[in-house]
Each structure stands twice: as C-alpha cells, then as structure tokens.
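J.: Got a structure for you, query-v3.pdb, holding PDB, C-alpha atoms and all ligand atoms.
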ATOM      1  CA  MET I1282      23.504-162.952 -77.600  1.00  0.00           C
ATOM      2  CA  ARG I1283      26.941-164.540 -78.183  1.00  0.00           C
ATOM      3  CA  LYS I1284      26.714-168.284 -78.673  1.00  0.00           C
ATOM      4  CA  LEU I1285      28.915-170.433 -76.420  1.00  0.00           C
ATOM      5  CA  ALA I1286      31.089-173.472 -77.106  1.00  0.00           C
ATOM      6  CA  ALA I1287      32.002-174.887 -73.697  1.00  0.00           C
ATOM      7  CA  GLY I1288      34.258-177.827 -72.910  1.00  0.00           C
ATOM      8  CA  ASN I1289      34.141-179.851 -69.705  1.00  0.00           C
ATOM      9  CA  TRP I1290      37.343-181.827 -69.293  1.00  0.00           C
ATOM     10  CA  LYS I1291      36.018-183.640 -66.205  1.00  0.00           C
ATOM     11  CA  MET I1292      38.811-185.556 -64.388  1.00  0.00           C
ATOM     12  CA  ASN I1293      41.087-185.588 -67.421  1.00  0.00           C
ATOM     13  CA  GLY I1294      44.316-183.798 -68.096  1.00  0.00           C
ATOM     14  CA  THR I1295      47.613-182.878 -66.512  1.00  0.00           C
ATOM     15  CA  ARG I1296      49.909-179.961 -67.345  1.00  0.00           C
ATOM     16  CA  ALA I1297      50.812-181.708 -70.599  1.00  0.00           C
ATOM     17  CA  ALA I1298      47.276-180.923 -71.789  1.00  0.00           C
ATOM     18  CA  LEU I1299      47.955-177.179 -71.634  1.00  0.00           C
ATOM     19  CA  SER I1300      49.401-177.517 -75.132  1.00  0.00           C
ATOM     20  CA  GLU I1301      45.887-178.365 -76.398  1.00  0.00           C
ATOM     21  CA  LEU I1302      44.659-175.074 -74.928  1.00  0.00           C
ATOM     22  CA  GLU I1303      47.483-173.152 -76.493  1.00  0.00           C
ATOM     23  CA  ALA I1304      46.640-174.694 -79.866  1.00  0.00           C
ATOM     24  CA  LEU I1305      42.956-173.914 -79.350  1.00  0.00           C
ATOM     25  CA  ALA I1306      43.688-170.266 -78.623  1.00  0.00           C
ATOM     26  CA  GLN I1307      45.940-170.027 -81.660  1.00  0.00           C
ATOM     27  CA  ALA I1308      43.289-171.596 -83.885  1.00  0.00           C
ATOM     28  CA  HIS I1309      40.648-169.062 -82.758  1.00  0.00           C
ATOM     29  CA  PRO I1310      42.267-165.639 -82.271  1.00  0.00           C
ATOM     30  CA  THR I1311      39.043-163.693 -82.969  1.00  0.00           C
ATOM     31  CA  PRO I1312      36.115-166.104 -82.712  1.00  0.00           C
ATOM     32  CA  SER I1313      32.559-164.945 -83.366  1.00  0.00           C
ATOM     33  CA  VAL I1314      31.335-167.153 -80.499  1.00  0.00           C
ATOM     34  CA  ASP I1315      32.422-167.407 -76.868  1.00  0.00           C
ATOM     35  CA  ILE I1316      34.761-170.294 -76.026  1.00  0.00           C
ATOM     36  CA  LEU I1317      35.063-171.713 -72.500  1.00  0.00           C
ATOM     37  CA  ILE I1318      37.132-174.628 -71.242  1.00  0.00           C
ATOM     38  CA  CYS I1319      36.581-176.062 -67.761  1.00  0.00           C
ATOM     39  CA  PRO I1320      39.710-178.081 -66.957  1.00  0.00           C
ATOM     40  CA  PRO I1321      40.312-179.937 -63.683  1.00  0.00           C
ATOM     41  CA  ALA I1322      40.923-177.630 -60.715  1.00  0.00           C
ATOM     42  CA  THR I1323      44.674-178.202 -60.802  1.00  0.00           C
ATOM     43  CA  LEU I1324      44.845-176.609 -64.251  1.00  0.00           C
ATOM     44  CA  VAL I1325      42.584-173.589 -63.734  1.00  0.00           C
ATOM     45  CA  GLN I1326      45.349-171.223 -62.681  1.00  0.00           C
ATOM     46  CA  PRO I1327      47.993-172.237 -65.244  1.00  0.00           C
ATOM     47  CA  ALA I1328      45.392-172.371 -68.027  1.00  0.00           C
ATOM     48  CA  ALA I1329      44.017-168.938 -67.162  1.00  0.00           C
ATOM     49  CA  ALA I1330      47.525-167.508 -67.027  1.00  0.00           C
ATOM     50  CA  LEU I1331      48.425-169.093 -70.359  1.00  0.00           C
ATOM     51  CA  LEU I1332      45.270-167.740 -72.007  1.00  0.00           C
ATOM     52  CA  ALA I1333      45.168-164.337 -70.329  1.00  0.00           C
ATOM     53  CA  ASP I1334      45.346-162.536 -73.689  1.00  0.00           C
ATOM     54  CA  ALA I1335      43.427-165.171 -75.666  1.00  0.00           C
ATOM     55  CA  ALA I1336      39.765-165.509 -76.608  1.00  0.00           C
ATOM     56  CA  VAL I1337      39.403-168.773 -74.665  1.00  0.00           C
ATOM     57  CA  ALA I1338      37.943-168.383 -71.170  1.00  0.00           C
ATOM     58  CA  ILE I1339      38.618-170.785 -68.309  1.00  0.00           C
ATOM     59  CA  GLY I1340      36.086-172.122 -65.820  1.00  0.00           C
ATOM     60  CA  GLY I1341      35.833-174.488 -62.872  1.00  0.00           C
ATOM     61  CA  GLN I1342      33.791-177.695 -62.814  1.00  0.00           C
ATOM     62  CA  ASP I1343      32.263-177.210 -59.374  1.00  0.00           C
ATOM     63  CA  CYS I1344      32.432-174.898 -56.364  1.00  0.00           C
ATOM     64  CA  HIS I1345      31.335-175.052 -52.754  1.00  0.00           C
ATOM     65  CA  MET I1346      28.280-173.136 -51.629  1.00  0.00           C
ATOM     66  CA  ALA I1347      30.108-171.496 -48.726  1.00  0.00           C
ATOM     67  CA  ARG I1348      32.323-168.456 -49.182  1.00  0.00           C
ATOM     68  CA  ALA I1349      35.183-169.960 -47.130  1.00  0.00           C
ATOM     69  CA  GLY I1350      35.713-172.232 -44.177  1.00  0.00           C
ATOM     70  CA  ALA I1351      36.322-175.756 -42.933  1.00  0.00           C
ATOM     71  CA  HIS I1352      35.451-177.788 -46.060  1.00  0.00           C
ATOM     72  CA  THR I1353      38.404-180.058 -46.754  1.00  0.00           C
ATOM     73  CA  GLY I1354      38.968-180.721 -50.412  1.00  0.00           C
ATOM     74  CA  ASP I1355      36.451-178.167 -51.647  1.00  0.00           C
ATOM     75  CA  ILE I1356      36.988-174.956 -53.602  1.00  0.00           C
ATOM     76  CA  ALA I1357      35.168-171.660 -53.087  1.00  0.00           C
ATOM     77  CA  ALA I1358      33.866-169.706 -56.056  1.00  0.00           C
ATOM     78  CA  ALA I1359      36.023-166.735 -55.079  1.00  0.00           C
ATOM     79  CA  GLN I1360      39.097-168.978 -55.168  1.00  0.00           C
ATOM     80  CA  LEU I1361      38.248-170.017 -58.742  1.00  0.00           C
ATOM     81  CA  ALA I1362      37.824-166.356 -59.666  1.00  0.00           C
ATOM     82  CA  ASP I1363      41.144-165.555 -57.982  1.00  0.00           C
ATOM     83  CA  ALA I1364      42.799-168.297 -60.075  1.00  0.00           C
ATOM     84  CA  GLY I1365      41.510-166.651 -63.251  1.00  0.00           C
ATOM     85  CA  ALA I1366      38.247-168.514 -63.871  1.00  0.00           C
ATOM     86  CA  THR I1367      35.310-166.538 -65.240  1.00  0.00           C
ATOM     87  CA  ALA I1368      32.721-169.313 -64.998  1.00  0.00           C
ATOM     88  CA  VAL I1369      31.920-172.504 -63.109  1.00  0.00           C
ATOM     89  CA  ILE I1370      29.767-175.521 -63.911  1.00  0.00           C
ATOM     90  CA  VAL I1371      27.322-176.405 -61.142  1.00  0.00           C
ATOM     91  CA  GLY I1372      24.886-179.293 -60.859  1.00  0.00           C
ATOM     92  CA  HIS I1373      26.486-181.553 -63.450  1.00  0.00           C
ATOM     93  CA  SER I1374      24.746-184.925 -63.315  1.00  0.00           C
ATOM     94  CA  GLU I1375      28.047-186.553 -62.316  1.00  0.00           C
ATOM     95  CA  ARG I1376      28.120-184.284 -59.241  1.00  0.00           C
ATOM     96  CA  ARG I1377      24.434-184.911 -58.561  1.00  0.00           C
ATOM     97  CA  GLU I1378      25.033-188.694 -58.791  1.00  0.00           C
ATOM     98  CA  ASP I1379      28.532-189.150 -57.364  1.00  0.00           C
ATOM     99  CA  HIS I1380      28.154-186.622 -54.536  1.00  0.00           C
ATOM    100  CA  GLY I1381      24.422-186.681 -53.870  1.00  0.00           C
ATOM    101  CA  GLU I1382      23.998-183.026 -54.802  1.00  0.00           C
ATOM    102  CA  THR I1383      20.379-181.930 -54.702  1.00  0.00           C
ATOM    103  CA  SER I1384      18.927-179.036 -56.645  1.00  0.00           C
ATOM    104  CA  ASP I1385      18.837-177.046 -53.383  1.00  0.00           C
ATOM    105  CA  VAL I1386      22.613-177.496 -53.084  1.00  0.00           C
ATOM    106  CA  VAL I1387      23.066-176.583 -56.743  1.00  0.00           C
ATOM    107  CA  ARG I1388      21.093-173.357 -56.211  1.00  0.00           C
ATOM    108  CA  GLU I1389      23.352-172.343 -53.322  1.00  0.00           C
ATOM    109  CA  LYS I1390      26.427-173.099 -55.428  1.00  0.00           C
ATOM    110  CA  ALA I1391      25.099-171.018 -58.324  1.00  0.00           C
ATOM    111  CA  ASN I1392      24.400-168.206 -55.891  1.00  0.00           C
ATOM    112  CA  ALA I1393      27.968-168.446 -54.559  1.00  0.00           C
ATOM    113  CA  ALA I1394      29.248-168.324 -58.141  1.00  0.00           C
ATOM    114  CA  HIS I1395      27.253-165.172 -58.843  1.00  0.00           C
ATOM    115  CA  ASP I1396      28.502-163.551 -55.631  1.00  0.00           C
ATOM    116  CA  ALA I1397      32.066-164.213 -56.786  1.00  0.00           C
ATOM    117  CA  GLY I1398      31.375-162.632 -60.174  1.00  0.00           C
ATOM    118  CA  LEU I1399      31.408-165.944 -62.035  1.00  0.00           C
ATOM    119  CA  ILE I1400      29.039-167.150 -64.738  1.00  0.00           C
ATOM    120  CA  ALA I1401      27.181-170.201 -63.426  1.00  0.00           C
ATOM    121  CA  VAL I1402      26.696-172.962 -65.987  1.00  0.00           C
ATOM    122  CA  ILE I1403      23.770-174.765 -64.351  1.00  0.00           C
ATOM    123  CA  CYS I1404      23.106-178.308 -65.594  1.00  0.00           C
ATOM    124  CA  VAL I1405      19.785-180.125 -65.771  1.00  0.00           C
ATOM    125  CA  GLY I1406      18.724-183.358 -67.443  1.00  0.00           C
ATOM    126  CA  GLU I1407      16.606-186.465 -67.146  1.00  0.00           C
ATOM    127  CA  THR I1408      17.621-190.107 -66.774  1.00  0.00           C
ATOM    128  CA  LEU I1409      16.553-192.677 -69.356  1.00  0.00           C
ATOM    129  CA  ALA I1410      14.003-194.143 -66.934  1.00  0.00           C
ATOM    130  CA  GLU I1411      12.481-190.684 -66.460  1.00  0.00           C
ATOM    131  CA  ARG I1412      12.309-190.113 -70.228  1.00  0.00           C
ATOM    132  CA  ASP I1413      10.828-193.549 -70.876  1.00  0.00           C
ATOM    133  CA  ALA I1414       8.183-192.855 -68.235  1.00  0.00           C
ATOM    134  CA  GLY I1415       7.230-189.622 -70.006  1.00  0.00           C
ATOM    135  CA  HIS I1416       8.464-187.415 -67.148  1.00  0.00           C
ATOM    136  CA  THR I1417      11.194-185.459 -68.929  1.00  0.00           C
ATOM    137  CA  LEU I1418       9.639-181.995 -68.755  1.00  0.00           C
ATOM    138  CA  ASP I1419       8.387-182.520 -65.205  1.00  0.00           C
ATOM    139  CA  VAL I1420      11.874-183.521 -64.055  1.00  0.00           C
ATOM    140  CA  ILE I1421      13.566-180.626 -65.820  1.00  0.00           C
ATOM    141  CA  GLY I1422      10.939-178.170 -64.610  1.00  0.00           C
ATOM    142  CA  ALA I1423      11.538-179.262 -61.021  1.00  0.00           C
ATOM    143  CA  GLN I1424      15.320-179.090 -61.431  1.00  0.00           C
ATOM    144  CA  LEU I1425      15.094-175.604 -62.930  1.00  0.00           C
ATOM    145  CA  ALA I1426      12.743-174.304 -60.260  1.00  0.00           C
ATOM    146  CA  ALA I1427      14.998-175.469 -57.434  1.00  0.00           C
ATOM    147  CA  SER I1428      18.472-175.094 -58.974  1.00  0.00           C
ATOM    148  CA  LEU I1429      18.288-171.455 -60.072  1.00  0.00           C
ATOM    149  CA  PRO I1430      18.838-168.706 -57.493  1.00  0.00           C
ATOM    150  CA  GLU I1431      17.117-165.327 -57.660  1.00  0.00           C
ATOM    151  CA  THR I1432      20.439-163.797 -58.696  1.00  0.00           C
ATOM    152  CA  CYS I1433      20.246-165.293 -62.221  1.00  0.00           C
ATOM    153  CA  THR I1434      20.562-162.841 -65.107  1.00  0.00           C
ATOM    154  CA  ALA I1435      21.246-163.232 -68.814  1.00  0.00           C
ATOM    155  CA  ALA I1436      24.832-162.168 -68.182  1.00  0.00           C
ATOM    156  CA  ASN I1437      25.660-164.504 -65.303  1.00  0.00           C
ATOM    157  CA  THR I1438      23.705-167.661 -66.089  1.00  0.00           C
ATOM    158  CA  VAL I1439      23.991-170.386 -68.716  1.00  0.00           C
ATOM    159  CA  ILE I1440      21.704-173.427 -68.658  1.00  0.00           C
ATOM    160  CA  ALA I1441      23.033-176.743 -69.965  1.00  0.00           C
ATOM    161  CA  TYR I1442      20.526-179.426 -70.908  1.00  0.00           C
ATOM    162  CA  GLU I1443      22.364-182.716 -70.571  1.00  0.00           C
ATOM    163  CA  PRO I1444      20.235-185.871 -70.733  1.00  0.00           C
ATOM    164  CA  VAL I1445      22.035-188.195 -68.299  1.00  0.00           C
ATOM    165  CA  TRP I1446      21.701-191.137 -70.701  1.00  0.00           C
ATOM    166  CA  ALA I1447      23.374-189.203 -73.538  1.00  0.00           C
ATOM    167  CA  ILE I1448      26.555-188.363 -71.615  1.00  0.00           C
ATOM    168  CA  GLY I1449      29.548-190.312 -72.847  1.00  0.00           C
ATOM    169  CA  THR I1450      27.354-192.942 -74.451  1.00  0.00           C
ATOM    170  CA  GLY I1451      27.172-191.904 -78.094  1.00  0.00           C
ATOM    171  CA  LYS I1452      23.368-191.895 -77.676  1.00  0.00           C
ATOM    172  CA  MET I1453      21.427-188.733 -78.463  1.00  0.00           C
ATOM    173  CA  PRO I1454      17.902-187.454 -78.180  1.00  0.00           C
ATOM    174  CA  THR I1455      16.251-186.707 -81.512  1.00  0.00           C
ATOM    175  CA  LEU I1456      16.476-183.143 -82.741  1.00  0.00           C
ATOM    176  CA  ASP I1457      12.745-182.778 -82.011  1.00  0.00           C
ATOM    177  CA  GLN I1458      13.328-183.902 -78.439  1.00  0.00           C
ATOM    178  CA  ILE I1459      16.134-181.362 -78.029  1.00  0.00           C
ATOM    179  CA  ALA I1460      13.891-178.650 -79.501  1.00  0.00           C
ATOM    180  CA  GLU I1461      11.083-179.580 -77.114  1.00  0.00           C
ATOM    181  CA  VAL I1462      13.277-179.337 -74.023  1.00  0.00           C
ATOM    182  CA  HIS I1463      15.049-176.151 -75.114  1.00  0.00           C
ATOM    183  CA  GLY I1464      11.728-174.474 -75.915  1.00  0.00           C
ATOM    184  CA  PHE I1465      10.486-175.514 -72.494  1.00  0.00           C
ATOM    185  CA  LEU I1466      13.638-174.105 -70.870  1.00  0.00           C
ATOM    186  CA  ARG I1467      13.187-170.729 -72.604  1.00  0.00           C
ATOM    187  CA  ASP I1468       9.501-170.511 -71.675  1.00  0.00           C
ATOM    188  CA  THR I1469      10.139-171.521 -68.066  1.00  0.00           C
ATOM    189  CA  LEU I1470      12.960-168.989 -67.707  1.00  0.00           C
ATOM    190  CA  ALA I1471      10.767-166.268 -69.244  1.00  0.00           C
ATOM    191  CA  ALA I1472       7.963-166.988 -66.794  1.00  0.00           C
ATOM    192  CA  ARG I1473      10.340-166.562 -63.870  1.00  0.00           C
ATOM    193  CA  PHE I1474      12.903-163.960 -64.956  1.00  0.00           C
ATOM    194  CA  GLY I1475      11.026-162.094 -67.692  1.00  0.00           C
ATOM    195  CA  ASP I1476      11.227-162.278 -71.463  1.00  0.00           C
ATOM    196  CA  SER I1477      14.315-160.163 -72.005  1.00  0.00           C
ATOM    197  CA  GLU I1478      16.503-161.898 -69.386  1.00  0.00           C
ATOM    198  CA  ALA I1479      15.355-165.310 -70.621  1.00  0.00           C
ATOM    199  CA  ALA I1480      16.046-164.377 -74.245  1.00  0.00           C
ATOM    200  CA  GLY I1481      19.637-163.555 -73.341  1.00  0.00           C
ATOM    201  CA  MET I1482      20.429-166.688 -71.329  1.00  0.00           C
ATOM    202  CA  ARG I1483      22.508-169.167 -73.313  1.00  0.00           C
ATOM    203  CA  LEU I1484      20.907-172.634 -73.479  1.00  0.00           C
ATOM    204  CA  LEU I1485      23.510-175.311 -74.198  1.00  0.00           C
ATOM    205  CA  TYR I1486      22.913-178.869 -75.283  1.00  0.00           C
ATOM    206  CA  GLY I1487      25.319-181.457 -73.839  1.00  0.00           C
ATOM    207  CA  GLY I1488      25.697-185.210 -74.290  1.00  0.00           C
ATOM    208  CA  SER I1489      27.732-186.960 -77.001  1.00  0.00           C
ATOM    209  CA  VAL I1490      28.254-183.783 -79.054  1.00  0.00           C
ATOM    210  CA  LYS I1491      30.868-184.477 -81.736  1.00  0.00           C
ATOM    211  CA  ALA I1492      32.163-182.789 -84.868  1.00  0.00           C
ATOM    212  CA  THR I1493      29.904-185.091 -86.870  1.00  0.00           C
ATOM    213  CA  ASN I1494      26.612-184.096 -85.197  1.00  0.00           C
ATOM    214  CA  ALA I1495      27.330-180.526 -84.041  1.00  0.00           C
ATOM    215  CA  ALA I1496      25.926-178.733 -87.094  1.00  0.00           C
ATOM    216  CA  GLU I1497      22.517-180.399 -86.894  1.00  0.00           C
ATOM    217  CA  ILE I1498      22.285-179.748 -83.154  1.00  0.00           C
ATOM    218  CA  PHE I1499      23.196-176.065 -83.593  1.00  0.00           C
ATOM    219  CA  ALA I1500      20.419-175.699 -86.165  1.00  0.00           C
ATOM    220  CA  VAL I1501      17.800-176.569 -83.506  1.00  0.00           C
ATOM    221  CA  ALA I1502      15.727-173.656 -82.188  1.00  0.00           C
ATOM    222  CA  ASN I1503      16.849-172.292 -78.798  1.00  0.00           C
ATOM    223  CA  VAL I1504      20.170-174.160 -78.880  1.00  0.00           C
ATOM    224  CA  ASP I1505      22.774-171.465 -78.204  1.00  0.00           C
ATOM    225  CA  GLY I1506      25.825-173.698 -78.023  1.00  0.00           C
ATOM    226  CA  ALA I1507      27.077-176.905 -76.483  1.00  0.00           C
ATOM    227  CA  LEU I1508      28.665-178.281 -73.337  1.00  0.00           C
ATOM    228  CA  VAL I1509      31.097-180.857 -74.645  1.00  0.00           C
ATOM    229  CA  GLY I1510      32.889-183.575 -72.685  1.00  0.00           C
ATOM    230  CA  GLY I1511      35.083-186.068 -74.537  1.00  0.00           C
ATOM    231  CA  ALA I1512      35.259-184.095 -77.778  1.00  0.00           C
ATOM    232  CA  SER I1513      36.630-181.022 -75.964  1.00  0.00           C
ATOM    233  CA  LEU I1514      39.831-182.732 -74.847  1.00  0.00           C
ATOM    234  CA  ARG I1515      41.635-182.404 -78.155  1.00  0.00           C
ATOM    235  CA  GLU I1516      42.037-179.157 -80.024  1.00  0.00           C
ATOM    236  CA  ASP I1517      41.231-180.578 -83.446  1.00  0.00           C
ATOM    237  CA  ASP I1518      37.951-182.181 -82.310  1.00  0.00           C
ATOM    238  CA  PHE I1519      36.776-179.135 -80.363  1.00  0.00           C
ATOM    239  CA  SER I1520      37.816-176.704 -83.096  1.00  0.00           C
ATOM    240  CA  GLN I1521      35.476-178.452 -85.521  1.00  0.00           C
ATOM    241  CA  ILE I1522      32.603-178.011 -83.047  1.00  0.00           C
ATOM    242  CA  ILE I1523      33.485-174.323 -82.612  1.00  0.00           C
ATOM    243  CA  SER I1524      33.523-173.925 -86.395  1.00  0.00           C
ATOM    244  CA  ALA I1525      30.112-175.583 -86.658  1.00  0.00           C
ATOM    245  CA  LEU I1526      28.731-173.123 -84.097  1.00  0.00           C
ATOM    246  CA  GLN I1527      30.216-170.178 -85.969  1.00  0.00           C
ATOM    247  CA  ASP I1528      28.775-171.493 -89.234  1.00  0.00           C
ATOM    248  CA  ALA I1529      25.338-171.712 -87.617  1.00  0.00           C
ATOM    249  CA  LEU I1530      25.242-167.949 -86.927  1.00  0.00           C
TER     250      LEU I1530
HETATM  251  P1  LIG I1601      30.273-186.112 -73.475  1.00  0.00           P
HETATM  252  O1  LIG I1601      30.357-184.976 -74.504  1.00  0.00           O
HETATM  253  O2  LIG I1601      31.555-186.830 -73.293  1.00  0.00           O
HETATM  254  O3  LIG I1601      29.091-186.983 -73.737  1.00  0.00           O
HETATM  255  O4  LIG I1601      29.995-185.380 -72.055  1.00  0.00           O
HETATM  256  C1  LIG I1601      29.000-184.422 -71.969  1.00  0.00           C
HETATM  257  C2  LIG I1601      29.108-183.755 -70.636  1.00  0.00           C
HETATM  258  O5  LIG I1601      28.810-184.329 -69.610  1.00  0.00           O
HETATM  259  C3  LIG I1601      29.600-182.369 -70.616  1.00  0.00           C
HETATM  260  O6  LIG I1601      29.424-181.796 -69.367  1.00  0.00           O
END
Could I get this file's structure written as structure tokens?
T.:
Amino acid sequence: MRKLAAGNWKMNGTRAALSELEALAQAHPTPSVDILICPPATLVQPAAALLADAAVAIGGQDCHMARAGAHTGDIAAAQLADAGATAVIVGHSERREDHGETSDVVREKANAAHDAGLIAVICVGETLAERDAGHTLDVIGAQLAASLPETCTAANTVIAYEPVWAIGTGKMPTLDQIAEVHGFLRDTLAARFGDSEAAGMRLLYGGSVKATNAAEIFAVANVDGALVGGASLREDDFSQIISALQDAL
C-alpha cells in the first residue's frame, strides 16, 4: 500500500497560507508516498484548485452525516468533493470533545464520506485517564466497532490513532505502546473486514509528530504514516516528515 503523510491544519490558516501549499507541492513533484492536507473549510476549494495538477491531495476536517438539508453551518461530504476534496477527517477527538460527537455519529459521517466518494480518515484514541486505568485497548476497540461503517474498504478508509493526551502537548506514547495499539487495530480490522482489506488500510499515528521524532515512529510495525497537526502548517516542517516517511520505505 502507499504510505500517507496527512496534515490537519485545524482552525489555522487564511488565504495567505496557500503559499505553504504551493511550496509543498513544488518540493514533492513525484513523491513515493501519498500527501494529504486538510485545511480549514474556507481553503478547501482554492487549495484544491491550486494543487489540481500536483501530488498533494486536499481534504476536509469534518462533514455532516446528512446528504443535504437544514443544517446551518455544516458541510455535506458531497460539497467537499465538489470543492475538490478527496478525503475528510471524521471523529477527531476535538470534534468528539467540542461537539459531543459519539462513535455512532462518526460512523454515519464516515458512511456519508464513502457515499460521496471520499476517503474517510477515521480517528480513535484514548484519554490519559483511560490509559492510566489500563483501558486503552478496550476504549479503542469500542470506538472502532462503533465508528466504522460497513462500507469501509482498504481504498476508502484510513484509521488514525491519536492518543488525546499526545495531541499538541509534545507528549508521546512509547514506541512499544504505539506498536501495541497499531497491531491491535490491524487485528481488529482483519477480524471484521478480512485480512486483505485490513492489510491495505493505512494506519496513521497522530499526536506531537515532528521532524525530530518522525523516523522512529515510521519504523514501528503497522504504522503506515502520520496525521500531523502543528508540524503540518509550515512547508519546511512537514517536508521533513514526508522525507522521513519516504526514507522508511
Ligand atoms: P499535533 O501534531 O499538533 O499534536 O496534532 C495532532 C492532531 O490532532 C492531528 O489531527
């Protein structure tokens, strides 16, 4: 499978930030890994237009579960696709926390993404209290079971393991802890979707990934790339992470 370096810009960036994307595309004309940037919704269309001929794909950060209708402020998956997105993040812990999104909601959003022809980047991850209580795999198993629709395939689904306590904190699980969770993800996906689909689903690690720790994370078994927040905002930082992923092939 093609490894994936994905950036989540969260609520950062105005049109001035499009120059970072232009530089990113120029720095990676023929990458040996997939590159995805999920900018804020206002930038999806201009970014996709700017990068139409480039090897950097554009995604949304969230979509509504409904196909259309009276949902003020929300965006349908088909609207993201129409704007040029090829993927959408669903179930990020900031959505789960800030907007009370349950795994049942996340599943419906992922299903809407698939219906619109988008890759769903489905996020799971434990809190520090859950890890300290020894519940990490139970929590992630429950999130996976409820957050993934039946429509998941290797081609249309990416799973991002993002420990909530590692996001934006500079804290990281140990490499053994990442390996344990990613192995569990692969096994759980295989039990539900079969070995060959599960083998082709990209499993991303996310949470304080930087140029300085990317190489050791990418050397961990079943880590097929990263979902990067802060270090995806600037071309030079993210390019180093992309290079580390390419070097890990
Ligand atoms: P940071 O890389 O800033 O820790 O954010 C990770 C994240 O939440 C990506 O979705």
J.: Would you list the residues that come within 6 Å of ligand LIG 1601 (chain I)? Count only C-alpha atoms and all ligand atoms and give the answer as a list of chain:residue names.
T.: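 Listed by chain and ascending number, the contacts are I:Asn1289, I:Ile1448, I:Gly1449, I:Gly1487, I:Gly1488, I:Ser1489, I:Val1490, I:Leu1508, I:Val1509, I:Gly1510, I:Gly1511, I:Ala1512.
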J.: List as a list of chain:residue names the protein and nucleic acid residues near Asp1528 (chain I), meaning an atom at most 12 Å away when all atoms listed in the file are counted, but skip any in the same chain fewer than 2 places from it.
T.: I:Lys1284, I:Pro1312, I:Ser1313, I:Val1314, I:Ala1495, I:Ala1496, I:Glu1497, I:Phe1499, I:Ala1500, I:Gly1506, I:Gln1521, I:Ile1522, I:Ile1523, I:Ser1524, I:Ala1525, I:Leu1526, I:Leu1530
J.: With all atoms listed in the file as the atoms that count, which of I:Lys1291, I:Arg1412, I:His1463, I:Arg1283 lies nearest to Ile1370 (chain I)?
T.: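 Looking only at the distances to Ile1370 (chain I), the closest residue turns out to be I:Lys1291.
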J.: Would you compute the distance between CA of Val1405 (chain I) and CA of Leu1305 (chain I)? Give it in Å to one decimal.
T.: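 Atom-to-atom, CA of Val1405 (chain I) to CA of Leu1305 (chain I), that is 27.6 Å.
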J.: Can you tell me which residues surround Leu1399 (chain I) at a distance of at most 6 Å, considering only C-alpha atoms, apart from same-chain residues fewer than 2 positions away, and format the answer as number ranges by chain?
T.: I: 1367-1368, 1394-1395, 1397
J.: Within 8 Å of Cys1319 (chain I), counting all atoms listed in the file, which residues qualify if same-chain residues fewer than 2 places away don't, as a list in words?
T.: Ala1287, Gly1288, Asn1289, Trp1290, Lys1291, Leu1317, Pro1321, Val1325, Ile1339, Gly1340, Gly1341, Gln1342, Val1369 and Ile1370 of chain I
J.: Restricting the calculation to all atoms listed in the file, which member of I:Ser1513, I:Asn1392, I:Thr1417, I:Asn1503 is positioned closest to Thr1432 (chain I)?
T.: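 Checking each candidate against Thr1432 (chain I), we get I:Asn1392 as the closest.
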J.: For the file shown, what are the residues hit by the PyMOL selection byres (((chain I and resi 1469) around 12) and not hetatm), laid out as a count of residues only?
T.: 28
J.: Have a look at CA of Ala1410 (chain I) and CA of His1380 (chain I) and let me know their distance in Å, one decimal.
T.: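 CA of Ala1410 (chain I) sits 20.3 Å away from CA of His1380 (chain I).
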J.: To test your reading of the syntax: which residues would the PyMOL selection byres (((chain I and resi 1358) around 7) and not hetatm) return for the file shown? Reply as a list in words.
T.: Cys1344, His1345, Ile1356, Ala1357, Ala1359, Gln1360, Leu1361, Ala1362, Ala1393, Ala1394 and Ala1397 of chain I
J.: So what do you get for CA of Leu1285 (chain I) versus CA of Ser1520 (chain I), distance-wise?
T.: 12.8 Å
J.: Using all atoms listed in the file, collect all residues at a distance of at most 7 Å from (23.6, -175.0, -63.3) as written in the file, then present them as a list of chain:residue names.
T.: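 All residues meeting the 7 Å criterion around (23.6, -175.0, -63.3) are I:Ile1370, I:Val1371, I:Gly1372, I:Val1387, I:Ala1391, I:Ala1401, I:Val1402, I:Ile1403, I:Cys1404, I:Val1405, I:Ser1428, I:Ile1440, I:Ala1441.
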J.: Store the residues picked out above, limited to C-alpha atoms, as an mmCIF file, in the coordinates of the input.
T.:
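What follows is the written file result_13.cif:
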data_model
loop_
_atom_site.group_PDB
_atom_site.id
_atom_site.type_symbol
_atom_site.label_atom_id
_atom_site.label_comp_id
_atom_site.auth_asym_id
_atom_site.auth_seq_id
_atom_site.Cartn_x
_atom_site.Cartn_y
_atom_site.Cartn_z
ATOM 1 C CA ILE I 1370 29.767 -175.521 -63.911
ATOM 2 C CA VAL I 1371 27.322 -176.405 -61.142
ATOM 3 C CA GLY I 1372 24.886 -179.293 -60.859
ATOM 4 C CA VAL I 1387 23.066 -176.583 -56.743
ATOM 5 C CA ALA I 1391 25.099 -171.018 -58.324
ATOM 6 C CA ALA I 1401 27.181 -170.201 -63.426
ATOM 7 C CA VAL I 1402 26.696 -172.962 -65.987
ATOM 8 C CA ILE I 1403 23.770 -174.765 -64.351
ATOM 9 C CA CYS I 1404 23.106 -178.308 -65.594
ATOM 10 C CA VAL I 1405 19.785 -180.125 -65.771
ATOM 11 C CA SER I 1428 18.472 -175.094 -58.974
ATOM 12 C CA ILE I 1440 21.704 -173.427 -68.658
ATOM 13 C CA ALA I 1441 23.033 -176.743 -69.965
#
J.: Of the candidates I:Arg1296, I:Arg1515, I:Arg1388, I:His1309, which one gets nearest to Lys1491 (chain I) if we count only C-alpha atoms?
T.: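 Answer, going by the shortest atom-to-atom distance: I:Arg1515.
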